[in-house]
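For reference, run35.tsv is printed below; it contains TSV, C-alpha atoms.
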chain	number	residue	atom	x	y	z
A	24	MET	CA	24.32	-6.28	-24.12
A	25	ALA	CA	24.40	-6.12	-20.33
A	26	LEU	CA	26.65	-8.25	-18.13
A	27	THR	CA	23.81	-8.26	-15.61
A	28	THR	CA	20.54	-6.56	-14.75
A	29	ASP	CA	20.27	-8.37	-11.39
A	30	ILE	CA	21.41	-5.31	-9.43
A	31	LYS	CA	19.38	-6.18	-6.31
A	32	SER	CA	21.67	-9.17	-5.73
A	33	LEU	CA	24.68	-6.81	-5.78
A	34	LEU	CA	23.53	-3.79	-3.74
A	35	PRO	CA	21.49	-3.36	-0.55
A	36	HIS	CA	19.62	-0.39	-2.09
A	37	ARG	CA	15.97	-0.74	-3.05
A	38	GLU	CA	13.36	1.39	-4.77
A	39	PRO	CA	12.89	4.27	-4.62
A	40	PHE	CA	16.65	4.65	-3.98
A	41	LEU	CA	18.14	2.18	-6.46
A	42	PHE	CA	19.71	3.98	-9.44
A	43	VAL	CA	21.39	1.25	-11.50
A	44	ASP	CA	19.49	-0.79	-14.11
A	45	ALA	CA	22.33	-2.71	-15.75
A	46	ILE	CA	26.09	-3.24	-15.68
A	47	ILE	CA	27.32	-3.11	-19.27
A	48	SER	CA	31.01	-3.86	-18.70
A	49	ALA	CA	33.40	-4.29	-15.78
A	50	ASP	CA	37.08	-5.07	-15.29
A	51	ASP	CA	39.86	-4.19	-12.83
A	52	ASN	CA	40.09	-0.65	-14.23
A	53	GLY	CA	36.42	0.24	-13.91
A	54	SER	CA	32.94	-0.26	-15.27
A	55	VAL	CA	30.11	1.09	-17.38
A	56	SER	CA	26.51	0.96	-16.14
A	57	GLU	CA	23.16	2.45	-17.10
A	58	HIS	CA	20.03	3.83	-15.46
A	59	THR	CA	16.95	5.45	-16.96
A	60	PHE	CA	15.35	8.13	-14.81
A	61	THR	CA	11.58	7.77	-15.28
A	62	GLU	CA	9.04	10.53	-14.71
A	63	ASP	CA	7.86	8.57	-11.64
A	64	GLU	CA	11.07	9.14	-9.61
A	65	PHE	CA	10.13	10.41	-6.14
A	66	PHE	CA	12.29	13.54	-6.27
A	67	PHE	CA	10.69	14.97	-9.41
A	68	LYS	CA	7.59	15.82	-7.34
A	69	GLY	CA	9.59	18.52	-5.56
A	70	HIS	CA	12.71	19.17	-7.68
A	71	PHE	CA	11.21	21.08	-9.58
A	72	PRO	CA	7.56	20.17	-10.34
A	73	GLU	CA	7.25	22.55	-13.30
A	74	TYR	CA	10.70	21.69	-14.72
A	75	PRO	CA	11.86	18.36	-13.23
A	76	VAL	CA	15.63	17.84	-13.02
A	77	VAL	CA	17.59	15.02	-11.38
A	78	PRO	CA	19.28	16.53	-8.29
A	79	GLY	CA	23.08	16.62	-8.47
A	80	VAL	CA	23.42	14.60	-5.27
A	81	ILE	CA	21.35	11.84	-6.89
A	82	LEU	CA	23.77	11.79	-9.83
A	83	CYS	CA	26.65	11.37	-7.36
A	84	GLU	CA	24.75	8.56	-5.62
A	85	THR	CA	24.06	6.96	-9.01
A	86	MET	CA	27.77	6.91	-9.87
A	87	ALA	CA	28.71	5.45	-6.48
A	88	GLN	CA	26.01	2.77	-6.73
A	89	ALA	CA	27.23	1.85	-10.21
A	90	GLY	CA	30.81	1.55	-8.98
A	91	GLY	CA	29.82	-0.53	-5.95
A	92	ALA	CA	27.54	-2.82	-7.94
A	93	ALA	CA	30.30	-3.54	-10.46
A	94	LEU	CA	32.78	-4.38	-7.69
A	95	SER	CA	30.20	-6.67	-6.07
A	96	PHE	CA	29.55	-8.32	-9.44
A	97	GLN	CA	33.28	-8.99	-9.81
A	98	LYS	CA	33.49	-10.23	-6.19
A	99	LYS	CA	36.08	-7.56	-5.30
A	100	VAL	CA	34.24	-6.84	-2.02
A	101	PRO	CA	32.64	-9.27	0.46
A	102	GLU	CA	29.13	-10.44	-0.41
A	103	GLY	CA	26.46	-8.30	1.24
A	104	SER	CA	28.76	-5.28	1.63
A	105	LEU	CA	27.35	-1.87	2.51
A	106	PHE	CA	28.98	1.21	1.00
A	107	PHE	CA	29.16	4.47	2.97
A	108	PHE	CA	30.34	7.76	1.46
A	109	ALA	CA	33.40	9.06	3.31
A	110	SER	CA	34.26	11.88	0.90
A	111	LEU	CA	33.08	13.39	-2.34
A	112	ASP	CA	35.57	15.50	-4.30
A	113	LYS	CA	36.01	17.27	-7.63
A	114	VAL	CA	32.25	17.33	-8.21
A	115	LYS	CA	31.11	19.17	-11.32
A	116	PHE	CA	27.65	19.35	-12.82
A	117	ARG	CA	27.84	20.03	-16.55
A	118	ASN	CA	24.35	19.39	-17.93
A	119	GLN	CA	20.88	18.61	-16.65
A	120	VAL	CA	19.38	15.13	-16.49
A	121	ARG	CA	15.63	15.10	-17.03
A	122	PRO	CA	12.79	12.55	-16.85
A	123	GLY	CA	13.19	9.85	-19.49
A	124	ASP	CA	16.95	10.30	-19.82
A	125	LYS	CA	19.10	7.15	-19.94
A	126	VAL	CA	22.30	7.88	-18.03
A	127	ARG	CA	25.54	6.03	-18.68
A	128	MET	CA	27.92	5.90	-15.73
A	129	GLU	CA	31.60	5.42	-16.60
A	130	ILE	CA	33.49	4.54	-13.44
A	131	THR	CA	37.25	4.32	-12.92
A	132	ASN	CA	38.67	2.36	-9.98
A	133	LEU	CA	41.42	4.40	-8.36
A	134	ARG	CA	41.97	2.17	-5.30
A	135	VAL	CA	40.01	-0.90	-4.19
A	136	SER	CA	40.33	-2.91	-0.98
A	137	THR	CA	37.85	-4.91	1.07
A	138	HIS	CA	37.49	-1.93	3.48
A	139	MET	CA	37.78	1.14	1.25
A	140	ILE	CA	37.01	2.12	-2.34
A	141	LYS	CA	38.28	5.21	-4.17
A	142	GLN	CA	36.62	5.78	-7.54
A	143	ALA	CA	36.04	8.49	-10.13
A	144	GLY	CA	33.05	8.67	-12.39
A	145	LYS	CA	31.32	10.51	-15.17
A	146	THR	CA	27.67	10.45	-16.15
A	147	TYR	CA	26.54	10.94	-19.72
A	148	VAL	CA	23.25	11.24	-21.54
A	149	GLY	CA	24.21	10.13	-25.03
A	150	ASP	CA	27.56	11.83	-25.67
A	151	THR	CA	26.81	14.76	-23.36
A	152	LEU	CA	28.77	14.86	-20.10
A	153	CYS	CA	26.34	15.66	-17.26
A	154	ALA	CA	28.29	15.17	-14.03
A	155	GLU	CA	31.67	14.03	-12.75
A	156	ALA	CA	33.13	13.33	-9.32
A	157	GLU	CA	35.61	11.38	-7.24
A	158	TRP	CA	34.55	9.66	-4.04
A	159	LEU	CA	35.78	7.49	-1.22
A	160	CYS	CA	33.49	4.83	0.23
A	161	LEU	CA	34.02	2.81	3.36
A	162	VAL	CA	32.98	-0.81	2.96
A	163	GLY	CA	31.11	-2.36	5.88
A	164	ASN	CA	28.48	-4.91	6.65
A	165	LYS	CA	25.16	-4.99	8.48
A	166	ASP	CA	26.76	-6.11	11.77
A	167	GLN	CA	29.18	-3.17	11.78
A	168	ALA	CA	26.36	-0.74	10.98
A	169	LYS	CA	24.46	-1.49	14.23

Translate the structure described by the file into structure tokens.
Amino acid sequence: MALTTDIKSLLPHREPFLFVDAIISADDNGSVSEHTFTEDEFFFKGHFPEYPVVPGVILCETMAQAGGAALSFQKKVPEGSLFFFASLDKVKFRNQVRPGDKVRMEITNLRVSTHMIKQAGKTYVGDTLCAEAEWLCLVGNKDQAK
């Protein structure tokens, strides 16, 4: 059972660039979220039309969105925060994610403040590890982004 499926209230992202469907669990240590990649995703038209695969950078984005949404849900960052990648490290792609796959994102909070977030994550389809990474996000707001 999901803690919430109201992801649009937690992230500024919108379709076609919103990659979290539900937050399953969240605490100070981290979170678990899910997203199903449908055959209608915009990137499948070009990556690769005859054998569609979720691009690795989208899996990294999916993990970061999941981590940010969970922190917003827990009110660990100011309401309406924007999250900007500052670094992406230790990235490994282990298995492909294809149309129709439900991805589980397991996120670990390494360091959280109102201005900066350091997290690590893994994506799974079932029990199969598909991608893993660590990232640093700067936390801002719309006024700072102008």

Within 9 Å of Gly103 in chain A, counting all atoms listed in the file, which residues qualify if same-chain residues fewer than 6 places away don't, as number ranges by chain? A: 32-35, 95, 163-165

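Between CA of Lys99 in chain A and CA of Thr137 in chain A the separation is 7.1 Å.
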
From CA of Leu159 in chain A to CA of Ser110 in chain A the spacing works out at 5.1 Å

Proximity to Ile81 in chain A - best of A:Asp63, A:Leu41, A:Ala143, A:Lys68, all atoms listed in the file: A:Leu41

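Distance annotation: of A:Ser136, A:Arg121, A:Ser56, A:Lys141, the residue with the minimal separation from Glu73 in chain A is A:Arg121; atom set is all atoms listed in the file.
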
Have a look at A:Asp29, A:Asp50, A:Glu64, A:Glu155 and name the one nearest to Ala87 in chain A; count only C-alpha atoms. A:Glu155

At a cut-off of 6 Å, using all atoms listed in the file, what residues contact Gln142 in chain A? Leave out same-chain residues fewer than 4 positions from it and give the result as a list in words.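 Surrounding residues, per the criterion: Thr131, Asn132, Leu133, Glu157 and Trp158 of chain A.
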
Would you please work out which residue, of A:Ala154, A:Ala93, A:Val114, A:Val55, is nearest to Ile140 in chain A when using all atoms listed in the file? A:Ala93

Which distance in Å separates CA of Lys145 in chain A and CA of Glu129 in chain A, to one decimal? 5.3 Å

With distances taken over all atoms listed in the file, which of A:Pro122, A:Phe116, A:Leu152, A:Pro101 is nearest to Phe66 in chain A?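 Among the listed residues, the smallest separation from Phe66 in chain A belongs to A:Pro122.
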
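Nearest residue to Phe60 in chain A, choosing from A:Ile130, A:Ile47, A:Leu94, A:Leu82 and counting all atoms listed in the file: A:Leu82.
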